[in-house]
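Student: Next up is a structure, given as structure tokens.
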Amino acid sequence: MHAYFVNRTRFQSLPVYVDIKNGKTRKLTLVRRIEGDIQALRNELSSFLDDGSIQIKSISNQLVIKGDRSSEVREWLTKRGF
């Protein structure tokens, strides 16, 4: 049992998105619809990605990861049962 939960969208897809900023030169991966302990999710995901650059947007309960890591995050969430 996890201390967090990632709800799927109404179309049953994982809420992992790529946001492109700064004139298409900066890509960010967003994980939305997180419930529970977002810090625990961040720690587990950063150890999986070997990346310490994951930020938490606590107001909107989102994780922001530098770069386009969406396919890796979707695969990881699917293996974890979300």
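By order of appearance in the structure tokens: chains A, B, ..., then residues from 1 within every chain, and ligands from 1 in the order shown.
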Let's see if you can do this: from backbone DSSP, list all helix (DSSP H, G or I) residues in chain A, as a PDB file with all heavy atoms, in the first residue's frame.
Tutor:
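Output saved as out.pdb:
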```
ATOM      1  N   ILE A  38       2.781  13.472  -1.236  1.00  0.00           N
ATOM      2  CA  ILE A  38       3.463  13.815  -2.484  1.00  0.00           C
ATOM      3  C   ILE A  38       4.987  13.747  -2.321  1.00  0.00           C
ATOM      4  O   ILE A  38       5.710  13.446  -3.263  1.00  0.00           O
ATOM      5  CB  ILE A  38       2.999  15.194  -2.988  1.00  0.00           C
ATOM      6  CG1 ILE A  38       3.412  15.414  -4.440  1.00  0.00           C
ATOM      7  CG2 ILE A  38       3.508  16.303  -2.096  1.00  0.00           C
ATOM      8  CD1 ILE A  38       2.765  16.618  -5.074  1.00  0.00           C
ATOM      9  N   GLN A  39       5.474  13.968  -1.104  1.00  0.00           N
ATOM     10  CA  GLN A  39       6.913  13.901  -0.838  1.00  0.00           C
ATOM     11  C   GLN A  39       7.429  12.469  -1.014  1.00  0.00           C
ATOM     12  O   GLN A  39       8.507  12.248  -1.561  1.00  0.00           O
ATOM     13  CB  GLN A  39       7.209  14.407   0.580  1.00  0.00           C
ATOM     14  CG  GLN A  39       8.677  14.511   0.897  1.00  0.00           C
ATOM     15  CD  GLN A  39       9.379  15.599   0.111  1.00  0.00           C
ATOM     16  OE1 GLN A  39       8.813  16.660  -0.131  1.00  0.00           O
ATOM     17  NE2 GLN A  39      10.599  15.346  -0.286  1.00  0.00           N
ATOM     18  N   ALA A  40       6.641  11.478  -0.573  1.00  0.00           N
ATOM     19  CA  ALA A  40       7.037  10.078  -0.734  1.00  0.00           C
ATOM     20  C   ALA A  40       7.095   9.702  -2.218  1.00  0.00           C
ATOM     21  O   ALA A  40       8.012   9.003  -2.653  1.00  0.00           O
ATOM     22  CB  ALA A  40       6.069   9.168   0.008  1.00  0.00           C
ATOM     23  N   LEU A  41       6.126  10.180  -2.993  1.00  0.00           N
ATOM     24  CA  LEU A  41       6.125   9.929  -4.439  1.00  0.00           C
ATOM     25  C   LEU A  41       7.349  10.563  -5.081  1.00  0.00           C
ATOM     26  O   LEU A  41       8.016   9.945  -5.909  1.00  0.00           O
ATOM     27  CB  LEU A  41       4.848  10.471  -5.073  1.00  0.00           C
ATOM     28  CG  LEU A  41       4.761  10.403  -6.601  1.00  0.00           C
ATOM     29  CD1 LEU A  41       4.873   8.975  -7.092  1.00  0.00           C
ATOM     30  CD2 LEU A  41       3.480  11.044  -7.083  1.00  0.00           C
ATOM     31  N   ARG A  42       7.672  11.779  -4.687  1.00  0.00           N
ATOM     32  CA  ARG A  42       8.843  12.469  -5.235  1.00  0.00           C
ATOM     33  C   ARG A  42      10.116  11.697  -4.927  1.00  0.00           C
ATOM     34  O   ARG A  42      10.957  11.510  -5.799  1.00  0.00           O
ATOM     35  CB  ARG A  42       8.947  13.874  -4.660  1.00  0.00           C
ATOM     36  CG  ARG A  42      10.151  14.625  -5.153  1.00  0.00           C
ATOM     37  CD  ARG A  42      10.360  15.912  -4.355  1.00  0.00           C
ATOM     38  NE  ARG A  42      11.612  16.528  -4.702  1.00  0.00           N
ATOM     39  CZ  ARG A  42      12.787  16.208  -4.160  1.00  0.00           C
ATOM     40  NH1 ARG A  42      12.875  15.276  -3.234  1.00  0.00           N
ATOM     41  NH2 ARG A  42      13.875  16.823  -4.537  1.00  0.00           N
ATOM     42  N   ASN A  43      10.263  11.218  -3.702  1.00  0.00           N
ATOM     43  CA  ASN A  43      11.470  10.490  -3.316  1.00  0.00           C
ATOM     44  C   ASN A  43      11.620   9.191  -4.094  1.00  0.00           C
ATOM     45  O   ASN A  43      12.709   8.866  -4.576  1.00  0.00           O
ATOM     46  CB  ASN A  43      11.465  10.215  -1.814  1.00  0.00           C
ATOM     47  CG  ASN A  43      11.580  11.481  -0.992  1.00  0.00           C
ATOM     48  OD1 ASN A  43      12.039  12.506  -1.480  1.00  0.00           O
ATOM     49  ND2 ASN A  43      11.140  11.422   0.244  1.00  0.00           N
ATOM     50  N   GLU A  44      10.536   8.433  -4.229  1.00  0.00           N
ATOM     51  CA  GLU A  44      10.599   7.166  -4.966  1.00  0.00           C
ATOM     52  C   GLU A  44      10.854   7.396  -6.451  1.00  0.00           C
ATOM     53  O   GLU A  44      11.625   6.662  -7.074  1.00  0.00           O
ATOM     54  CB  GLU A  44       9.310   6.379  -4.757  1.00  0.00           C
ATOM     55  CG  GLU A  44       9.152   5.862  -3.341  1.00  0.00           C
ATOM     56  CD  GLU A  44       7.870   5.083  -3.136  1.00  0.00           C
ATOM     57  OE1 GLU A  44       7.310   4.579  -4.132  1.00  0.00           O
ATOM     58  OE2 GLU A  44       7.431   4.987  -1.991  1.00  0.00           O
ATOM     59  N   LEU A  45      10.214   8.418  -7.009  1.00  0.00           N
ATOM     60  CA  LEU A  45      10.387   8.702  -8.427  1.00  0.00           C
ATOM     61  C   LEU A  45      11.788   9.229  -8.716  1.00  0.00           C
ATOM     62  O   LEU A  45      12.399   8.866  -9.722  1.00  0.00           O
ATOM     63  CB  LEU A  45       9.331   9.704  -8.887  1.00  0.00           C
ATOM     64  CG  LEU A  45       9.134   9.885 -10.386  1.00  0.00           C
ATOM     65  CD1 LEU A  45       8.854   8.555 -11.062  1.00  0.00           C
ATOM     66  CD2 LEU A  45       8.002  10.852 -10.635  1.00  0.00           C
ATOM     67  N   SER A  46      12.336  10.039  -7.828  1.00  0.00           N
ATOM     68  CA  SER A  46      13.689  10.558  -8.062  1.00  0.00           C
ATOM     69  C   SER A  46      14.739   9.458  -7.942  1.00  0.00           C
ATOM     70  O   SER A  46      15.742   9.478  -8.657  1.00  0.00           O
ATOM     71  CB  SER A  46      14.001  11.702  -7.098  1.00  0.00           C
ATOM     72  OG  SER A  46      14.041  11.245  -5.777  1.00  0.00           O
ATOM     73  N   SER A  47      14.519   8.488  -7.072  1.00  0.00           N
ATOM     74  CA  SER A  47      15.473   7.373  -7.005  1.00  0.00           C
ATOM     75  C   SER A  47      15.371   6.489  -8.249  1.00  0.00           C
ATOM     76  O   SER A  47      16.372   5.954  -8.714  1.00  0.00           O
ATOM     77  CB  SER A  47      15.257   6.559  -5.735  1.00  0.00           C
ATOM     78  OG  SER A  47      14.005   5.920  -5.766  1.00  0.00           O
ATOM     79  N   PHE A  48      14.164   6.347  -8.810  1.00  0.00           N
ATOM     80  CA  PHE A  48      13.996   5.567 -10.035  1.00  0.00           C
ATOM     81  C   PHE A  48      14.641   6.272 -11.225  1.00  0.00           C
ATOM     82  O   PHE A  48      15.330   5.646 -12.032  1.00  0.00           O
ATOM     83  CB  PHE A  48      12.512   5.327 -10.321  1.00  0.00           C
ATOM     84  CG  PHE A  48      12.234   4.769 -11.681  1.00  0.00           C
ATOM     85  CD1 PHE A  48      12.540   3.448 -11.975  1.00  0.00           C
ATOM     86  CD2 PHE A  48      11.689   5.556 -12.685  1.00  0.00           C
ATOM     87  CE1 PHE A  48      12.300   2.932 -13.240  1.00  0.00           C
ATOM     88  CE2 PHE A  48      11.450   5.051 -13.944  1.00  0.00           C
ATOM     89  CZ  PHE A  48      11.752   3.740 -14.219  1.00  0.00           C
ATOM     90  N   LEU A  49      14.444   7.571 -11.340  1.00  0.00           N
ATOM     91  CA  LEU A  49      14.965   8.321 -12.481  1.00  0.00           C
ATOM     92  C   LEU A  49      16.415   8.738 -12.302  1.00  0.00           C
ATOM     93  O   LEU A  49      17.018   9.257 -13.238  1.00  0.00           O
ATOM     94  CB  LEU A  49      14.109   9.583 -12.708  1.00  0.00           C
ATOM     95  CG  LEU A  49      12.662   9.371 -13.114  1.00  0.00           C
ATOM     96  CD1 LEU A  49      11.938  10.703 -13.171  1.00  0.00           C
ATOM     97  CD2 LEU A  49      12.566   8.661 -14.442  1.00  0.00           C
ATOM     98  N   SER A  70       8.353  11.677 -19.778  1.00  0.00           N
ATOM     99  CA  SER A  70       6.976  11.217 -19.660  1.00  0.00           C
ATOM    100  C   SER A  70       6.827   9.714 -19.885  1.00  0.00           C
ATOM    101  O   SER A  70       6.089   9.053 -19.161  1.00  0.00           O
ATOM    102  CB  SER A  70       6.072  11.980 -20.626  1.00  0.00           C
ATOM    103  OG  SER A  70       6.502  11.805 -21.953  1.00  0.00           O
ATOM    104  N   SER A  71       7.523   9.161 -20.862  1.00  0.00           N
ATOM    105  CA  SER A  71       7.378   7.724 -21.130  1.00  0.00           C
ATOM    106  C   SER A  71       7.922   6.896 -19.965  1.00  0.00           C
ATOM    107  O   SER A  71       7.330   5.883 -19.586  1.00  0.00           O
ATOM    108  CB  SER A  71       8.061   7.344 -22.438  1.00  0.00           C
ATOM    109  OG  SER A  71       9.439   7.664 -22.381  1.00  0.00           O
ATOM    110  N   GLU A  72       9.040   7.337 -19.371  1.00  0.00           N
ATOM    111  CA  GLU A  72       9.602   6.618 -18.232  1.00  0.00           C
ATOM    112  C   GLU A  72       8.685   6.697 -17.018  1.00  0.00           C
ATOM    113  O   GLU A  72       8.496   5.708 -16.314  1.00  0.00           O
ATOM    114  CB  GLU A  72      10.961   7.210 -17.859  1.00  0.00           C
ATOM    115  CG  GLU A  72      12.008   7.071 -18.939  1.00  0.00           C
ATOM    116  CD  GLU A  72      13.219   7.917 -18.634  1.00  0.00           C
ATOM    117  OE1 GLU A  72      14.040   7.486 -17.798  1.00  0.00           O
ATOM    118  OE2 GLU A  72      13.326   9.009 -19.218  1.00  0.00           O
ATOM    119  N   VAL A  73       8.089   7.869 -16.784  1.00  0.00           N
ATOM    120  CA  VAL A  73       7.198   8.054 -15.633  1.00  0.00           C
ATOM    121  C   VAL A  73       5.930   7.238 -15.812  1.00  0.00           C
ATOM    122  O   VAL A  73       5.460   6.581 -14.869  1.00  0.00           O
ATOM    123  CB  VAL A  73       6.881   9.548 -15.425  1.00  0.00           C
ATOM    124  CG1 VAL A  73       5.826   9.732 -14.351  1.00  0.00           C
ATOM    125  CG2 VAL A  73       8.139  10.314 -15.071  1.00  0.00           C
ATOM    126  N   ARG A  74       5.360   7.237 -17.021  1.00  0.00           N
ATOM    127  CA  ARG A  74       4.150   6.432 -17.277  1.00  0.00           C
ATOM    128  C   ARG A  74       4.426   4.943 -17.052  1.00  0.00           C
ATOM    129  O   ARG A  74       3.622   4.239 -16.459  1.00  0.00           O
ATOM    130  CB  ARG A  74       3.667   6.655 -18.706  1.00  0.00           C
ATOM    131  CG  ARG A  74       2.902   7.919 -18.898  1.00  0.00           C
ATOM    132  CD  ARG A  74       2.244   7.961 -20.278  1.00  0.00           C
ATOM    133  NE  ARG A  74       1.721   9.276 -20.524  1.00  0.00           N
ATOM    134  CZ  ARG A  74       2.287  10.176 -21.317  1.00  0.00           C
ATOM    135  NH1 ARG A  74       3.392   9.877 -21.972  1.00  0.00           N
ATOM    136  NH2 ARG A  74       1.748  11.357 -21.481  1.00  0.00           N
ATOM    137  N   GLU A  75       5.552   4.472 -17.550  1.00  0.00           N
ATOM    138  CA  GLU A  75       5.915   3.065 -17.378  1.00  0.00           C
ATOM    139  C   GLU A  75       6.092   2.727 -15.896  1.00  0.00           C
ATOM    140  O   GLU A  75       5.626   1.695 -15.430  1.00  0.00           O
ATOM    141  CB  GLU A  75       7.212   2.788 -18.148  1.00  0.00           C
ATOM    142  CG  GLU A  75       7.673   1.359 -18.092  1.00  0.00           C
ATOM    143  CD  GLU A  75       8.964   1.172 -18.877  1.00  0.00           C
ATOM    144  OE1 GLU A  75       9.132   1.819 -19.924  1.00  0.00           O
ATOM    145  OE2 GLU A  75       9.792   0.361 -18.420  1.00  0.00           O
ATOM    146  N   TRP A  76       6.743   3.609 -15.142  1.00  0.00           N
ATOM    147  CA  TRP A  76       6.967   3.388 -13.716  1.00  0.00           C
ATOM    148  C   TRP A  76       5.648   3.361 -12.953  1.00  0.00           C
ATOM    149  O   TRP A  76       5.440   2.493 -12.098  1.00  0.00           O
ATOM    150  CB  TRP A  76       7.899   4.474 -13.163  1.00  0.00           C
ATOM    151  CG  TRP A  76       8.248   4.304 -11.743  1.00  0.00           C
ATOM    152  CD1 TRP A  76       9.186   3.459 -11.231  1.00  0.00           C
ATOM    153  CD2 TRP A  76       7.682   4.987 -10.619  1.00  0.00           C
ATOM    154  NE1 TRP A  76       9.237   3.586  -9.864  1.00  0.00           N
ATOM    155  CE2 TRP A  76       8.318   4.517  -9.459  1.00  0.00           C
ATOM    156  CE3 TRP A  76       6.688   5.954 -10.490  1.00  0.00           C
ATOM    157  CZ2 TRP A  76       7.999   4.970  -8.202  1.00  0.00           C
ATOM    158  CZ3 TRP A  76       6.377   6.412  -9.242  1.00  0.00           C
ATOM    159  CH2 TRP A  76       7.038   5.919  -8.106  1.00  0.00           C
ATOM    160  N   LEU A  77       4.754   4.301 -13.261  1.00  0.00           N
ATOM    161  CA  LEU A  77       3.458   4.332 -12.585  1.00  0.00           C
ATOM    162  C   LEU A  77       2.624   3.095 -12.914  1.00  0.00           C
ATOM    163  O   LEU A  77       1.937   2.553 -12.050  1.00  0.00           O
ATOM    164  CB  LEU A  77       2.680   5.602 -12.971  1.00  0.00           C
ATOM    165  CG  LEU A  77       3.172   6.908 -12.355  1.00  0.00           C
ATOM    166  CD1 LEU A  77       2.463   8.087 -12.988  1.00  0.00           C
ATOM    167  CD2 LEU A  77       2.972   6.905 -10.857  1.00  0.00           C
ATOM    168  N   THR A  78       2.700   2.628 -14.147  1.00  0.00           N
ATOM    169  CA  THR A  78       1.957   1.429 -14.543  1.00  0.00           C
ATOM    170  C   THR A  78       2.470   0.203 -13.805  1.00  0.00           C
ATOM    171  O   THR A  78       1.679  -0.614 -13.332  1.00  0.00           O
ATOM    172  CB  THR A  78       2.054   1.233 -16.066  1.00  0.00           C
ATOM    173  OG1 THR A  78       1.588   2.394 -16.722  1.00  0.00           O
ATOM    174  CG2 THR A  78       1.239   0.036 -16.503  1.00  0.00           C
ATOM    175  N   LYS A  79       3.790   0.089 -13.671  1.00  0.00           N
ATOM    176  CA  LYS A  79       4.361  -1.046 -12.937  1.00  0.00           C
ATOM    177  C   LYS A  79       3.983  -1.016 -11.465  1.00  0.00           C
ATOM    178  O   LYS A  79       3.898  -2.056 -10.823  1.00  0.00           O
ATOM    179  CB  LYS A  79       5.879  -1.055 -13.070  1.00  0.00           C
ATOM    180  CG  LYS A  79       6.356  -1.493 -14.419  1.00  0.00           C
ATOM    181  CD  LYS A  79       7.872  -1.513 -14.482  1.00  0.00           C
ATOM    182  CE  LYS A  79       8.355  -1.929 -15.854  1.00  0.00           C
ATOM    183  NZ  LYS A  79       9.823  -1.865 -15.955  1.00  0.00           N
TER     184      LYS A  79
END
```
Student: Name the residues in contact with Lys57 of chain A at a cut-off of 10 Å, using only C-alpha atoms, excluding same-chain residues fewer than 6 positions from it; report them as JSON, numbers by chain.
Tutor: {"A": [30, 32, 38, 63, 64]}
Student: DSSP says strand (DSSP E or B) for which residues of chain A? Put them as a list in words?
Tutor: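 Assigned to strand (DSSP E or B), within chain A: Tyr4, Phe5, Val6, Val16, Tyr17, Val18, Asp19, Ile20, Lys21, Arg26, Lys27, Leu28, Thr29, Leu30, Val31, Ile34, Glu35, Gly36, Ile54, Gln55, Ile56, Lys57, Gln62, Leu63, Val64, Ile65 and Lys66 of chain A.
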Student: Using N, CA and C atoms, can you write the selected residues to a file as a compact mmCIF listing (two decimals), in the first residue's frame?
Tutor:
```
# COMPACT_ATOMS: atom_id res chain seq x y z
N TYR A 4 0.49 7.41 -1.24
CA TYR A 4 0.01 8.37 -2.23
C TYR A 4 -0.79 7.62 -3.28
N PHE A 5 -1.55 8.37 -4.07
CA PHE A 5 -2.34 7.79 -5.14
C PHE A 5 -2.36 8.76 -6.31
N VAL A 6 -2.22 8.24 -7.52
CA VAL A 6 -2.30 9.06 -8.74
C VAL A 6 -3.57 8.64 -9.47
N VAL A 16 0.15 12.28 -16.93
CA VAL A 16 1.55 12.66 -17.12
C VAL A 16 1.61 13.46 -18.43
N TYR A 17 2.11 14.69 -18.33
CA TYR A 17 2.08 15.60 -19.47
C TYR A 17 3.45 16.21 -19.70
N VAL A 18 3.69 16.67 -20.93
CA VAL A 18 4.91 17.38 -21.28
C VAL A 18 4.53 18.83 -21.54
N ASP A 19 5.22 19.75 -20.87
CA ASP A 19 4.99 21.18 -21.02
C ASP A 19 6.22 21.78 -21.69
N ILE A 20 6.02 22.50 -22.79
CA ILE A 20 7.12 23.09 -23.54
C ILE A 20 7.11 24.59 -23.30
N LYS A 21 8.24 25.14 -22.87
CA LYS A 21 8.34 26.56 -22.53
C LYS A 21 9.55 27.19 -23.21
N ARG A 26 12.75 24.50 -23.64
CA ARG A 26 12.72 23.90 -22.31
C ARG A 26 11.51 22.98 -22.20
N LYS A 27 11.77 21.72 -21.91
CA LYS A 27 10.69 20.74 -21.76
C LYS A 27 10.61 20.31 -20.31
N LEU A 28 9.38 20.24 -19.80
CA LEU A 28 9.11 19.81 -18.43
C LEU A 28 8.09 18.69 -18.47
N THR A 29 8.24 17.73 -17.59
CA THR A 29 7.26 16.66 -17.44
C THR A 29 6.45 16.95 -16.18
N LEU A 30 5.12 16.93 -16.31
CA LEU A 30 4.22 17.20 -15.19
C LEU A 30 3.47 15.94 -14.81
N VAL A 31 3.38 15.68 -13.52
CA VAL A 31 2.53 14.60 -13.01
C VAL A 31 1.45 15.27 -12.18
N ILE A 34 -2.39 14.04 -7.96
CA ILE A 34 -1.74 13.27 -6.90
C ILE A 34 -2.49 13.50 -5.59
N GLU A 35 -2.78 12.41 -4.90
CA GLU A 35 -3.41 12.49 -3.58
C GLU A 35 -2.49 11.82 -2.57
N GLY A 36 -2.48 12.34 -1.35
CA GLY A 36 -1.69 11.72 -0.29
C GLY A 36 -0.32 12.35 -0.15
N ILE A 54 13.47 17.13 -9.24
CA ILE A 54 12.01 17.04 -9.25
C ILE A 54 11.48 18.04 -8.24
N GLN A 55 10.64 18.95 -8.71
CA GLN A 55 10.06 19.96 -7.85
C GLN A 55 8.62 19.61 -7.53
N ILE A 56 8.17 20.08 -6.36
CA ILE A 56 6.79 19.87 -5.93
C ILE A 56 6.05 21.19 -6.02
N LYS A 57 4.91 21.19 -6.72
CA LYS A 57 4.00 22.34 -6.70
C LYS A 57 2.90 21.97 -5.70
N GLN A 62 1.21 18.86 -7.83
CA GLN A 62 1.86 18.40 -9.05
C GLN A 62 3.35 18.22 -8.82
N LEU A 63 3.93 17.30 -9.60
CA LEU A 63 5.37 17.17 -9.64
C LEU A 63 5.86 17.71 -10.97
N VAL A 64 6.99 18.42 -10.96
CA VAL A 64 7.59 18.98 -12.17
C VAL A 64 8.99 18.39 -12.30
N ILE A 65 9.23 17.72 -13.43
CA ILE A 65 10.51 17.06 -13.68
C ILE A 65 11.14 17.73 -14.90
N LYS A 66 12.41 18.07 -14.80
CA LYS A 66 13.10 18.69 -15.94
C LYS A 66 13.29 17.66 -17.05
```
